[in-house]
>>> print(open('work16.pdb').read())   # PDB, C-alpha atoms and all ligand atoms
ATOM      1  CA  MET J  29      -0.025   0.725  26.606
ATOM      2  CA  ARG J  30       1.009  -1.848  24.007
ATOM      3  CA  THR J  31       0.816  -1.273  20.274
ATOM      4  CA  ILE J  32      -0.556  -4.148  18.249
ATOM      5  CA  LEU J  33      -0.298  -4.259  14.467
ATOM      6  CA  VAL J  34      -3.075  -6.102  12.658
ATOM      7  CA  THR J  35      -2.482  -6.687   8.948
ATOM      8  CA  GLY J  36      -5.689  -7.324   7.054
ATOM      9  CA  GLY J  37      -7.331  -5.379   9.879
ATOM     10  CA  ALA J  38     -10.170  -4.058   7.705
ATOM     11  CA  GLY J  39     -11.111  -7.563   6.620
ATOM     12  CA  PHE J  40     -13.790  -9.823   7.996
ATOM     13  CA  ILE J  41     -11.798 -11.502  10.786
ATOM     14  CA  GLY J  42      -9.309  -8.625  11.129
ATOM     15  CA  SER J  43     -11.966  -6.028  11.932
ATOM     16  CA  HIS J  44     -13.428  -8.214  14.698
ATOM     17  CA  LEU J  45      -9.927  -8.714  16.088
ATOM     18  CA  CYS J  46      -9.165  -4.951  16.052
ATOM     19  CA  GLU J  47     -12.431  -4.313  17.897
ATOM     20  CA  LYS J  48     -11.674  -6.905  20.585
ATOM     21  CA  LEU J  49      -8.094  -5.661  21.056
ATOM     22  CA  LEU J  50      -9.349  -2.092  21.555
ATOM     23  CA  GLU J  51     -11.879  -3.366  24.110
ATOM     24  CA  THR J  52      -9.029  -4.895  26.092
ATOM     25  CA  GLY J  53      -7.195  -1.533  26.173
ATOM     26  CA  GLU J  54      -4.583  -2.084  23.466
ATOM     27  CA  ARG J  55      -3.496   0.470  20.873
ATOM     28  CA  VAL J  56      -4.221  -0.892  17.401
ATOM     29  CA  LEU J  57      -2.500  -0.103  14.142
ATOM     30  CA  CYS J  58      -4.614  -1.522  11.357
ATOM     31  CA  LEU J  59      -2.981  -2.154   7.974
ATOM     32  CA  ASP J  60      -5.004  -3.140   4.927
ATOM     33  CA  ASN J  61      -4.732  -2.681   1.160
ATOM     34  CA  LEU J  62      -8.553  -2.779   0.926
ATOM     35  CA  PHE J  63      -8.566  -5.428  -1.825
ATOM     36  CA  THR J  64     -11.053  -7.592   0.066
ATOM     37  CA  GLY J  65     -11.158  -5.582   3.284
ATOM     38  CA  SER J  66     -13.367  -2.514   3.528
ATOM     39  CA  ARG J  67     -13.387   0.839   5.370
ATOM     40  CA  GLU J  68     -17.013   0.070   6.239
ATOM     41  CA  ASN J  69     -15.853  -2.798   8.497
ATOM     42  CA  ILE J  70     -13.884  -0.356  10.657
ATOM     43  CA  THR J  71     -15.950   2.853  10.411
ATOM     44  CA  HIS J  72     -17.126   2.354  13.991
ATOM     45  CA  LEU J  73     -13.489   2.182  15.180
ATOM     46  CA  GLU J  74     -12.044   5.095  13.259
ATOM     47  CA  ASN J  75     -12.780   7.726  15.934
ATOM     48  CA  HIS J  76     -11.341   5.588  18.714
ATOM     49  CA  PRO J  77      -8.277   7.422  20.105
ATOM     50  CA  GLN J  78      -6.259   4.204  20.236
ATOM     51  CA  PHE J  79      -7.051   3.114  16.686
ATOM     52  CA  GLN J  80      -5.207   4.045  13.526
ATOM     53  CA  PHE J  81      -5.850   2.823   9.988
ATOM     54  CA  ILE J  82      -3.083   2.852   7.394
ATOM     55  CA  GLU J  83      -3.771   1.827   3.804
ATOM     56  CA  HIS J  84      -0.822  -0.378   2.992
ATOM     57  CA  ASP J  85      -0.084  -3.558   1.043
ATOM     58  CA  ILE J  86       2.279  -5.814   3.000
ATOM     59  CA  ILE J  87       3.923  -6.855  -0.267
ATOM     60  CA  GLU J  88       5.761  -3.541   0.280
ATOM     61  CA  PRO J  89       7.926  -3.113   3.403
ATOM     62  CA  PHE J  90       6.323  -1.194   6.240
ATOM     63  CA  PHE J  91       8.237   1.125   8.566
ATOM     64  CA  THR J  92       7.030   2.958  11.641
ATOM     65  CA  ASP J  93       8.602   4.967  14.452
ATOM     66  CA  ASP J  94       5.999   3.600  16.864
ATOM     67  CA  HIS J  95       7.215   0.650  18.865
ATOM     68  CA  ILE J  96       5.271  -2.453  17.839
ATOM     69  CA  ASP J  97       4.749  -5.082  20.554
ATOM     70  CA  GLN J  98       2.770  -7.694  18.652
ATOM     71  CA  ILE J  99       1.815  -8.420  15.054
ATOM     72  CA  TYR J 100      -1.208 -10.406  13.906
ATOM     73  CA  ASN J 101      -0.576 -11.191  10.234
ATOM     74  CA  LEU J 102      -3.976 -11.732   8.636
ATOM     75  CA  ALA J 103      -3.407  -9.972   5.315
ATOM     76  CA  CYS J 104      -4.332 -12.221   2.393
ATOM     77  CA  PRO J 105      -7.488 -12.747   0.364
ATOM     78  CA  ALA J 106      -9.007 -15.907   1.851
ATOM     79  CA  SER J 107     -11.960 -16.788  -0.360
ATOM     80  CA  PRO J 108     -11.108 -19.046  -3.336
ATOM     81  CA  VAL J 109     -12.776 -16.581  -5.718
ATOM     82  CA  HIS J 110     -10.595 -13.738  -4.446
ATOM     83  CA  TYR J 111      -7.293 -15.522  -3.964
ATOM     84  CA  GLN J 112      -7.542 -16.990  -7.464
ATOM     85  CA  HIS J 113      -8.333 -13.577  -8.980
ATOM     86  CA  ASN J 114      -4.644 -12.656  -9.073
ATOM     87  CA  PRO J 115      -2.798 -15.802  -7.944
ATOM     88  CA  VAL J 116       0.670 -14.313  -8.300
ATOM     89  CA  ARG J 117      -0.316 -11.498  -5.966
ATOM     90  CA  THR J 118      -1.650 -14.091  -3.501
ATOM     91  CA  ILE J 119       1.725 -15.844  -3.535
ATOM     92  CA  LYS J 120       3.468 -12.487  -3.045
ATOM     93  CA  ALA J 121       1.264 -11.641  -0.047
ATOM     94  CA  ASN J 122       2.230 -14.938   1.569
ATOM     95  CA  THR J 123       5.938 -14.806   0.772
ATOM     96  CA  LEU J 124       7.121 -11.203   0.313
ATOM     97  CA  GLY J 125       4.414 -10.013   2.721
ATOM     98  CA  MET J 126       5.373 -12.631   5.301
ATOM     99  CA  ILE J 127       9.079 -11.733   4.995
ATOM    100  CA  ASN J 128       8.249  -8.038   5.399
ATOM    101  CA  MET J 129       6.191  -8.689   8.520
ATOM    102  CA  LEU J 130       8.781 -11.054  10.023
ATOM    103  CA  GLY J 131      11.437  -8.423   9.349
ATOM    104  CA  LEU J 132       9.300  -5.781  11.033
ATOM    105  CA  ALA J 133       8.695  -8.070  14.023
ATOM    106  CA  ARG J 134      12.412  -8.762  14.285
ATOM    107  CA  ALA J 135      13.314  -5.064  14.159
ATOM    108  CA  HIS J 136      10.837  -4.299  16.963
ATOM    109  CA  GLY J 137      11.425  -7.435  19.015
ATOM    110  CA  ALA J 138       7.720  -8.133  18.535
ATOM    111  CA  ARG J 139       5.838 -11.378  18.779
ATOM    112  CA  ILE J 140       4.180 -12.379  15.503
ATOM    113  CA  LEU J 141       1.117 -14.531  14.961
ATOM    114  CA  GLN J 142       0.621 -15.960  11.490
ATOM    115  CA  ALA J 143      -2.912 -16.692  10.336
ATOM    116  CA  SER J 144      -2.351 -19.924   8.479
ATOM    117  CA  THR J 145      -5.116 -22.113   7.178
ATOM    118  CA  SER J 146      -6.687 -25.542   6.960
ATOM    119  CA  GLU J 147      -5.789 -25.311   3.249
ATOM    120  CA  VAL J 148      -2.261 -26.424   4.197
ATOM    121  CA  TYR J 149      -3.852 -29.899   4.466
ATOM    122  CA  GLY J 150      -5.157 -29.685   0.869
ATOM    123  CA  ASP J 151      -7.738 -32.389   0.047
ATOM    124  CA  PRO J 152      -6.969 -34.355   3.217
ATOM    125  CA  LEU J 153      -6.502 -38.107   3.350
ATOM    126  CA  GLU J 154      -6.564 -38.029   7.154
ATOM    127  CA  HIS J 155      -9.765 -37.151   8.962
ATOM    128  CA  PRO J 156     -10.187 -35.133  11.134
ATOM    129  CA  GLN J 157      -7.015 -33.185  10.480
ATOM    130  CA  LYS J 158      -4.387 -33.094  13.226
ATOM    131  CA  GLU J 159      -1.525 -30.593  13.153
ATOM    132  CA  SER J 160       0.898 -33.474  12.607
ATOM    133  CA  TYR J 161      -0.764 -34.368   9.267
ATOM    134  CA  ARG J 162       1.394 -33.106   6.395
ATOM    135  CA  GLY J 163      -1.394 -32.745   3.904
ATOM    136  CA  ASN J 164      -2.332 -33.655   0.370
ATOM    137  CA  VAL J 165      -1.764 -30.485  -1.618
ATOM    138  CA  SER J 166      -1.448 -29.974  -5.357
ATOM    139  CA  CYS J 167       1.386 -27.564  -6.099
ATOM    140  CA  THR J 168       0.160 -26.943  -9.655
ATOM    141  CA  GLY J 169      -3.628 -26.592  -9.271
ATOM    142  CA  PRO J 170      -5.749 -23.426  -8.994
ATOM    143  CA  ARG J 171      -5.682 -23.474  -5.155
ATOM    144  CA  ALA J 172      -1.877 -23.788  -5.019
ATOM    145  CA  CYS J 173      -1.296 -20.010  -4.889
ATOM    146  CA  TYR J 174      -3.050 -19.943  -1.522
ATOM    147  CA  ASP J 175      -2.231 -23.428  -0.179
ATOM    148  CA  GLU J 176       1.439 -23.412  -1.102
ATOM    149  CA  GLY J 177       1.696 -19.701  -0.296
ATOM    150  CA  LYS J 178       0.441 -20.356   3.234
ATOM    151  CA  ARG J 179       2.706 -23.406   3.587
ATOM    152  CA  CYS J 180       5.681 -21.274   2.571
ATOM    153  CA  ALA J 181       4.607 -18.597   5.075
ATOM    154  CA  GLU J 182       4.665 -21.219   7.858
ATOM    155  CA  ALA J 183       8.125 -22.340   6.724
ATOM    156  CA  LEU J 184       9.331 -18.734   6.853
ATOM    157  CA  CYS J 185       7.995 -18.286  10.406
ATOM    158  CA  PHE J 186       9.794 -21.389  11.647
ATOM    159  CA  ASP J 187      13.023 -20.451   9.834
ATOM    160  CA  TYR J 188      12.987 -16.950  11.326
ATOM    161  CA  HIS J 189      12.451 -18.569  14.701
ATOM    162  CA  ARG J 190      15.351 -21.009  14.226
ATOM    163  CA  MET J 191      17.666 -18.378  12.732
ATOM    164  CA  HIS J 192      16.812 -15.398  14.902
ATOM    165  CA  GLY J 193      15.073 -16.857  17.960
ATOM    166  CA  MET J 194      11.906 -14.926  17.148
ATOM    167  CA  GLU J 195       8.660 -15.509  19.008
ATOM    168  CA  ILE J 196       6.349 -16.923  16.360
ATOM    169  CA  LYS J 197       2.815 -18.258  16.748
ATOM    170  CA  VAL J 198       1.201 -20.188  13.901
ATOM    171  CA  VAL J 199      -2.506 -20.979  13.895
ATOM    172  CA  ARG J 200      -4.363 -22.862  11.166
ATOM    173  CA  ILE J 201      -7.786 -21.317  10.706
ATOM    174  CA  PHE J 202     -10.661 -23.497   9.454
ATOM    175  CA  ASN J 203     -13.786 -22.119   7.735
ATOM    176  CA  THR J 204     -14.990 -19.105   9.681
ATOM    177  CA  TYR J 205     -18.198 -17.126   9.201
ATOM    178  CA  GLY J 206     -20.107 -14.262  10.739
ATOM    179  CA  PRO J 207     -21.143 -10.638  10.285
ATOM    180  CA  ARG J 208     -18.893  -8.517   8.003
ATOM    181  CA  MET J 209     -18.216 -11.278   5.516
ATOM    182  CA  ALA J 210     -18.266  -9.445   2.207
ATOM    183  CA  LEU J 211     -21.520  -9.667   0.284
ATOM    184  CA  ARG J 212     -19.676 -10.895  -2.796
ATOM    185  CA  ASP J 213     -17.111 -12.886  -0.864
ATOM    186  CA  GLY J 214     -18.010 -15.945  -2.915
ATOM    187  CA  ARG J 215     -17.821 -18.309   0.039
ATOM    188  CA  VAL J 216     -20.423 -20.850   0.814
ATOM    189  CA  VAL J 217     -22.015 -19.278   3.917
ATOM    190  CA  SER J 218     -22.356 -15.785   2.440
ATOM    191  CA  ASN J 219     -23.458 -17.088  -0.981
ATOM    192  CA  PHE J 220     -26.148 -19.321   0.500
ATOM    193  CA  ILE J 221     -27.492 -16.687   2.905
ATOM    194  CA  VAL J 222     -27.716 -14.041   0.189
ATOM    195  CA  GLN J 223     -29.383 -16.470  -2.230
ATOM    196  CA  ALA J 224     -31.826 -17.604   0.469
ATOM    197  CA  LEU J 225     -32.740 -14.043   1.445
ATOM    198  CA  LYS J 226     -33.436 -13.227  -2.204
ATOM    199  CA  ASN J 227     -35.393 -16.495  -2.656
ATOM    200  CA  GLU J 228     -33.010 -17.403  -5.474
ATOM    201  CA  PRO J 229     -31.837 -20.991  -6.137
ATOM    202  CA  ILE J 230     -29.016 -22.119  -3.832
ATOM    203  CA  THR J 231     -26.010 -23.060  -5.982
ATOM    204  CA  ILE J 232     -24.532 -26.285  -4.608
ATOM    205  CA  ASP J 233     -21.305 -27.475  -6.236
ATOM    206  CA  GLY J 234     -21.123 -31.191  -7.032
ATOM    207  CA  ASN J 235     -23.774 -33.149  -5.140
ATOM    208  CA  GLY J 236     -23.341 -31.279  -1.865
ATOM    209  CA  SER J 237     -21.745 -34.234  -0.070
ATOM    210  CA  GLN J 238     -18.457 -32.400   0.570
ATOM    211  CA  THR J 239     -18.095 -31.320   4.183
ATOM    212  CA  ARG J 240     -16.898 -28.265   6.071
ATOM    213  CA  SER J 241     -16.830 -27.333   9.769
ATOM    214  CA  PHE J 242     -17.879 -23.759  10.457
ATOM    215  CA  CYS J 243     -16.514 -21.607  13.266
ATOM    216  CA  TYR J 244     -18.243 -18.405  14.374
ATOM    217  CA  VAL J 245     -15.963 -15.373  14.150
ATOM    218  CA  ASP J 246     -16.133 -14.437  17.871
ATOM    219  CA  ASP J 247     -14.882 -17.879  18.853
ATOM    220  CA  LEU J 248     -12.080 -17.649  16.329
ATOM    221  CA  VAL J 249     -10.939 -14.220  17.528
ATOM    222  CA  ASN J 250     -10.808 -15.492  21.117
ATOM    223  CA  GLY J 251      -8.599 -18.333  19.916
ATOM    224  CA  LEU J 252      -6.238 -15.955  18.108
ATOM    225  CA  MET J 253      -5.838 -13.769  21.199
ATOM    226  CA  GLN J 254      -5.328 -16.765  23.470
ATOM    227  CA  MET J 255      -2.626 -18.089  21.155
ATOM    228  CA  MET J 256      -0.826 -14.734  21.235
ATOM    229  CA  GLN J 257      -0.706 -14.949  25.037
ATOM    230  CA  THR J 258       0.897 -18.394  25.206
ATOM    231  CA  PRO J 259       4.428 -18.755  26.652
ATOM    232  CA  ALA J 260       7.305 -17.897  24.285
ATOM    233  CA  SER J 261       8.103 -21.583  23.848
ATOM    234  CA  GLU J 262       4.747 -22.267  22.128
ATOM    235  CA  HIS J 263       4.977 -21.775  18.366
ATOM    236  CA  GLY J 264       2.157 -23.953  17.077
ATOM    237  CA  PRO J 265       0.934 -24.829  14.596
ATOM    238  CA  ILE J 266      -2.421 -25.060  16.312
ATOM    239  CA  ASN J 267      -5.741 -25.708  14.554
ATOM    240  CA  LEU J 268      -8.537 -23.237  15.289
ATOM    241  CA  GLY J 269     -11.990 -24.194  14.117
ATOM    242  CA  ASN J 270     -15.267 -25.743  15.102
ATOM    243  CA  PRO J 271     -15.177 -29.540  14.890
ATOM    244  CA  ASN J 272     -18.915 -29.902  14.146
ATOM    245  CA  GLU J 273     -18.941 -31.088  10.565
ATOM    246  CA  PHE J 274     -21.752 -30.591   8.030
ATOM    247  CA  THR J 275     -22.236 -31.450   4.388
ATOM    248  CA  ILE J 276     -22.726 -28.479   2.089
ATOM    249  CA  LYS J 277     -26.243 -29.795   1.385
ATOM    250  CA  GLU J 278     -27.028 -29.776   5.131
ATOM    251  CA  LEU J 279     -25.759 -26.216   5.356
ATOM    252  CA  ALA J 280     -28.048 -25.146   2.498
ATOM    253  CA  GLU J 281     -31.062 -26.799   4.163
ATOM    254  CA  LYS J 282     -30.279 -25.168   7.508
ATOM    255  CA  ILE J 283     -30.019 -21.725   5.918
ATOM    256  CA  ILE J 284     -33.286 -22.179   4.002
ATOM    257  CA  ALA J 285     -35.038 -23.183   7.242
ATOM    258  CA  LEU J 286     -33.582 -20.281   9.255
ATOM    259  CA  THR J 287     -34.452 -17.672   6.636
ATOM    260  CA  GLY J 288     -37.876 -19.165   5.857
ATOM    261  CA  SER J 289     -36.829 -18.948   2.220
ATOM    262  CA  SER J 290     -38.581 -20.446  -0.792
ATOM    263  CA  SER J 291     -35.205 -21.079  -2.484
ATOM    264  CA  THR J 292     -34.683 -24.412  -4.230
ATOM    265  CA  LEU J 293     -31.455 -26.426  -4.298
ATOM    266  CA  ASN J 294     -29.621 -26.100  -7.597
ATOM    267  CA  TYR J 295     -26.842 -28.688  -7.991
ATOM    268  CA  THR J 296     -24.109 -27.678 -10.427
ATOM    269  CA  GLY J 297     -23.086 -31.353 -10.705
ATOM    270  CA  ALA J 298     -19.361 -30.555 -10.731
ATOM    271  CA  PHE J 299     -17.018 -30.152  -7.793
ATOM    272  CA  ARG J 300     -14.451 -27.383  -7.957
ATOM    273  CA  GLU J 301     -10.976 -28.468  -9.030
ATOM    274  CA  ASP J 302      -8.950 -29.761  -6.050
ATOM    275  CA  ASP J 303     -11.907 -29.090  -3.747
ATOM    276  CA  PRO J 304     -11.341 -30.726  -0.347
ATOM    277  CA  MET J 305     -14.061 -33.380   0.045
ATOM    278  CA  GLN J 306     -13.911 -33.461   3.851
ATOM    279  CA  ARG J 307     -12.660 -30.899   6.293
ATOM    280  CA  CYS J 308     -12.816 -31.034  10.054
ATOM    281  CA  PRO J 309     -10.270 -29.841  12.591
ATOM    282  CA  ASP J 310      -8.887 -31.952  15.387
ATOM    283  CA  ILE J 311      -8.756 -29.295  18.100
ATOM    284  CA  ALA J 312      -7.200 -31.369  20.884
ATOM    285  CA  ARG J 313      -4.082 -29.146  20.889
ATOM    286  CA  ALA J 314      -6.113 -25.939  21.092
ATOM    287  CA  CYS J 315      -8.166 -27.410  23.945
ATOM    288  CA  GLU J 316      -5.042 -28.438  25.825
ATOM    289  CA  VAL J 317      -2.623 -25.568  25.116
ATOM    290  CA  LEU J 318      -5.081 -22.653  24.904
ATOM    291  CA  GLU J 319      -7.890 -24.106  26.984
ATOM    292  CA  TRP J 320     -10.025 -22.986  24.054
ATOM    293  CA  LYS J 321     -13.045 -24.467  22.380
ATOM    294  CA  PRO J 322     -15.761 -22.907  20.236
ATOM    295  CA  GLU J 323     -18.904 -21.906  22.121
ATOM    296  CA  VAL J 324     -21.259 -20.799  19.345
ATOM    297  CA  GLU J 325     -23.365 -23.480  17.664
ATOM    298  CA  LEU J 326     -23.908 -23.237  13.910
ATOM    299  CA  GLU J 327     -27.572 -22.341  14.199
ATOM    300  CA  GLU J 328     -26.925 -19.496  16.662
ATOM    301  CA  GLY J 329     -24.059 -18.110  14.554
ATOM    302  CA  LEU J 330     -26.044 -18.391  11.340
ATOM    303  CA  LYS J 331     -28.942 -16.425  12.886
ATOM    304  CA  LYS J 332     -26.596 -13.524  13.702
ATOM    305  CA  THR J 333     -25.022 -13.688  10.260
ATOM    306  CA  ILE J 334     -28.429 -13.758   8.556
ATOM    307  CA  GLU J 335     -29.449 -10.619  10.513
ATOM    308  CA  TYR J 336     -26.299  -8.881   9.280
ATOM    309  CA  PHE J 337     -26.931  -9.781   5.642
ATOM    310  CA  LYS J 338     -30.606  -8.778   5.909
ATOM    311  CA  LYS J 339     -29.550  -5.233   6.861
ATOM    312  CA  LYS J 340     -26.811  -5.202   4.265
ATOM    313  CA  ILE J 341     -29.136  -6.229   1.432
ATOM    314  CA  SER J 342     -31.903  -3.807   2.410
TER     315      SER J 342
HETATM  316  N1  LIG J 401     -19.715 -23.993  -2.491
HETATM  317  C1  LIG J 401     -20.958 -24.240  -3.084
HETATM  318  N2  LIG J 401     -21.663 -23.159  -3.527
HETATM  319  C2  LIG J 401     -21.235 -21.869  -3.407
HETATM  320  C3  LIG J 401     -19.996 -21.646  -2.793
HETATM  321  C4  LIG J 401     -19.250 -22.729  -2.350
HETATM  322  O1  LIG J 401     -21.405 -25.380  -3.197
HETATM  323  O2  LIG J 401     -21.967 -20.962  -3.828
HETATM  324  C5  LIG J 401     -18.934 -25.135  -2.000
HETATM  325  C6  LIG J 401     -17.530 -25.203  -2.568
HETATM  326  O3  LIG J 401     -17.487 -25.901  -3.803
HETATM  327  C7  LIG J 401     -16.799 -25.951  -1.467
HETATM  328  C8  LIG J 401     -17.519 -25.511  -0.187
HETATM  329  O4  LIG J 401     -18.777 -24.996  -0.611
HETATM  330  O5  LIG J 401     -16.963 -27.339  -1.628
HETATM  331  C9  LIG J 401     -16.783 -24.443   0.591
HETATM  332  O6  LIG J 401     -16.414 -23.435  -0.315
HETATM  333  P1  LIG J 401     -15.857 -22.015   0.144
HETATM  334  O7  LIG J 401     -15.607 -21.229  -1.117
HETATM  335  O8  LIG J 401     -16.753 -21.412   1.148
HETATM  336  O9  LIG J 401     -14.486 -22.245   0.901
HETATM  337  P2  LIG J 401     -13.363 -23.373   0.973
HETATM  338  O10 LIG J 401     -13.648 -24.108   2.225
HETATM  339  O11 LIG J 401     -13.459 -24.262  -0.247
HETATM  340  O12 LIG J 401     -12.100 -22.602   1.006
END
>>> encode(input="work16.pdb", output="structure tokens")
Amino acid sequence: MRTILVTGGAGFIGSHLCEKLLETGERVLCLDNLFTGSRENITHLENHPQFQFIEHDIIEPFFTDDHIDQIYNLACPASPVHYQHNPVRTIKANTLGMINMLGLARAHGARILQASTSEVYGDPLEHPQKESYRGNVSCTGPRACYDEGKRCAEALCFDYHRMHGMEIKVVRIFNTYGPRMALRDGRVVSNFIVQALKNEPITIDGNGSQTRSFCYVDDLVNGLMQMMQTPASEHGPINLGNPNEFTIKELAEKIIALTGSSSTLNYTGAFREDDPMQRCPDIARACEVLEWKPEVELEEGLKKTIEYFKKKIS
């Protein structure tokens, strides 16, 4: 039996990944500092004989006598509200944390997958974004702690590979949604669903013309696992996301319709600083290398997510 370490394993995506890995017969060691992750996300796994949770912040080195075969490094607050809460800590998670996890992988001869992000493209001037695009990122703005942190983490992965021949896998995750997003996550899908369910005004930044492409969490997790299984020569980066693009206004209207809400649209008039105006992944590489493409349409995924939040709120 293999032992798989998942950092950020009690988070939104991490908990779905732990669940899927257990289903496929792996032993899972779940690390999380519980800053944005929650024990509630993994309660249903905690009695599983092949699952172990360890409260740990990857900013600190992690040692174990268990042999680790693979590491999925997901630990980092991912919502702008959370990663900007303590930006220096966000940078540490992506630099010190990344070095600690690469060191651990090296010591165990383990493969390591880094959960990078579409934020490495910043406010993109190329559309849709291919992996070859080098991005348009501010290194001094409020998103820099995350964007530059994640760019540095990618650099570290490739340097460890070049220096030590390590098996690295880098994926760039685009906006992902689904059950177990935190109620106060602050991201657009969770904010809008909660506001709609409470019949409160939907808060749309700017004029709602900015776009995002939303990937359902099950699709994303499949992509992560498929990337981990690629031949040793495949390092990425590979984009993972759903290429169906929507304006934020369209998303709000869809959520109002699906919830049958009486919410109104409340435009704040101002975009967030350095907010990407368009975001859509080019997933040609994922299709070719992983034979992966998202299966869940936005409406279907939103329905499941709305059901989750309904229970959560009640
Ligand atoms: N947004 C919004 N209202 C909200 C939350 C977010 O209009 O209550 C907008 C935000 O300004 C951005 C987009 O939705 O343009 C996506 O924001 P999110 O925080 O979900 O993630 P991002 O893709 O920016 O990392």
>>> closest_atom_pairs(input="work16.pdb", of="chain J", to="ligand LIG 401 (chain J)", cutoff="7 Å", atoms="all atoms listed in the file", output="CSV")
residue,atom,partner,partner_atom,distance
J:Ser107,CA,J:LIG401,O7,5.8
J:Pro108,CA,J:LIG401,O7,5.5
J:Asn203,CA,J:LIG401,O10,5.9
J:Gly214,CA,J:LIG401,C3,6.0
J:Arg215,CA,J:LIG401,O8,3.5
J:Val216,CA,J:LIG401,C3,3.7
J:Val217,CA,J:LIG401,O8,6.3
J:Asn219,CA,J:LIG401,O2,5.0
J:Phe220,CA,J:LIG401,O2,6.2
J:Thr231,CA,J:LIG401,N2,5.0
J:Ile232,CA,J:LIG401,O1,3.5
J:Asp233,CA,J:LIG401,O1,3.7
J:Gly234,CA,J:LIG401,O1,7.0
J:Gly236,CA,J:LIG401,O1,6.3
J:Gln238,CA,J:LIG401,O5,5.7
J:Arg240,CA,J:LIG401,O10,6.5
J:Ile276,CA,J:LIG401,O4,5.9
J:Phe299,CA,J:LIG401,O3,5.8
J:Arg300,CA,J:LIG401,O3,5.4
J:Asp303,CA,J:LIG401,O5,5.8
J:Pro304,CA,J:LIG401,O5,6.7
J:Met305,CA,J:LIG401,O5,6.9
>>> atom_distance(input="work16.pdb", atom1="atom CA of J:Glu262", atom2="atom CA of J:Val56")
23.7 Å
>>> atom_distance(input="work16.pdb", atom1="atom CA of J:Cys173", atom2="atom CA of J:Thr118")
6.1 Å
>>> resolve_selection(input="work16.pdb", expression="the PyMOL selection byres (((chain J and resi 76) around 12) and not hetatm)", output="VMD selection string")
chain J and resid 46 to 47 49 to 51 53 to 57 70 to 75 77 to 81
>>> closest_residue(input="work16.pdb", among="J:Asp247, J:Glu335, J:Glu325, J:Asp85", to="J:Gly125", atoms="all atoms listed in the file")
J:Asp85
>>> closest_residue(input="work16.pdb", among="J:Gly65, J:Glu301, J:Leu225, J:Asn114", to="J:Pro170", atoms="only C-alpha atoms")
J:Glu301
>>> residues_around(input="work16.pdb", residues="J:Val165", least_positions_apart="3", cutoff="8 Å", atoms="all atoms listed in the file", output="ChimeraX atom specification")
/J:148-151,172,175-176
>>> atom_distance(input="work16.pdb", atom1="atom CA of J:Met129", atom2="atom CA of J:Lys321")
28.5 Å
>>> residues_around(input="work16.pdb", residues="J:Thr333", least_positions_apart="2", cutoff="9 Å", atoms="only C-alpha atoms", output="PyMOL selection string")
chain J and resi 205-209+217-218+221+328-331+335-338
>>> closest_residue(input="work16.pdb", among="J:Thr258, J:Tyr188, J:Lys158, J:Gly269", to="J:Asn128", atoms="all atoms listed in the file")
J:Tyr188
>>> closest_residue(input="work16.pdb", among="J:Pro89, J:Pro259, J:Gly137, J:Gly163", to="J:Met194", atoms="all atoms listed in the file")
J:Gly137
>>> residues_around(input="work16.pdb", residues="J:Leu45", least_positions_apart="6", cutoff="9 Å", atoms="all atoms listed in the file", output="number ranges by chain")
J: 34, 37, 246, 249-250, 252-253
>>> decode(input="work16.pdb", residues="stretch 265-275 of chain J", atoms="N, CA and C atoms", output="PDB file, in the first residue's frame")
ATOM      1  N   PRO J 265       4.398  22.837 -16.568  1.00  0.00           N
ATOM      2  CA  PRO J 265       3.084  23.092 -15.981  1.00  0.00           C
ATOM      3  C   PRO J 265       1.946  22.748 -16.926  1.00  0.00           C
ATOM      4  N   ILE J 266       0.844  22.307 -16.323  1.00  0.00           N
ATOM      5  CA  ILE J 266      -0.360  22.011 -17.086  1.00  0.00           C
ATOM      6  C   ILE J 266      -1.546  22.739 -16.447  1.00  0.00           C
ATOM      7  N   ASN J 267      -2.299  23.440 -17.273  1.00  0.00           N
ATOM      8  CA  ASN J 267      -3.518  24.126 -16.798  1.00  0.00           C
ATOM      9  C   ASN J 267      -4.606  23.113 -16.496  1.00  0.00           C
ATOM     10  N   LEU J 268      -5.287  23.281 -15.367  1.00  0.00           N
ATOM     11  CA  LEU J 268      -6.482  22.484 -15.070  1.00  0.00           C
ATOM     12  C   LEU J 268      -7.626  23.437 -14.759  1.00  0.00           C
ATOM     13  N   GLY J 269      -8.647  23.380 -15.558  1.00  0.00           N
ATOM     14  CA  GLY J 269      -9.796  24.262 -15.346  1.00  0.00           C
ATOM     15  C   GLY J 269     -10.827  23.986 -16.408  1.00  0.00           C
ATOM     16  N   ASN J 270     -11.975  24.620 -16.238  1.00  0.00           N
ATOM     17  CA  ASN J 270     -13.045  24.465 -17.220  1.00  0.00           C
ATOM     18  C   ASN J 270     -13.015  25.659 -18.170  1.00  0.00           C
ATOM     19  N   PRO J 271     -12.884  25.424 -19.465  1.00  0.00           N
ATOM     20  CA  PRO J 271     -12.743  26.547 -20.389  1.00  0.00           C
ATOM     21  C   PRO J 271     -14.039  27.299 -20.712  1.00  0.00           C
ATOM     22  N   ASN J 272     -15.166  26.910 -20.131  1.00  0.00           N
ATOM     23  CA  ASN J 272     -16.399  27.680 -20.370  1.00  0.00           C
ATOM     24  C   ASN J 272     -16.355  28.954 -19.532  1.00  0.00           C
ATOM     25  N   GLU J 273     -16.368  30.075 -20.250  1.00  0.00           N
ATOM     26  CA  GLU J 273     -16.128  31.361 -19.586  1.00  0.00           C
ATOM     27  C   GLU J 273     -17.429  32.132 -19.386  1.00  0.00           C
ATOM     28  N   PHE J 274     -17.579  32.740 -18.230  1.00  0.00           N
ATOM     29  CA  PHE J 274     -18.788  33.526 -17.911  1.00  0.00           C
ATOM     30  C   PHE J 274     -18.387  34.860 -17.314  1.00  0.00           C
ATOM     31  N   THR J 275     -19.216  35.893 -17.557  1.00  0.00           N
ATOM     32  CA  THR J 275     -18.986  37.133 -16.819  1.00  0.00           C
ATOM     33  C   THR J 275     -19.511  36.920 -15.403  1.00  0.00           C
TER      34      THR J 275
END
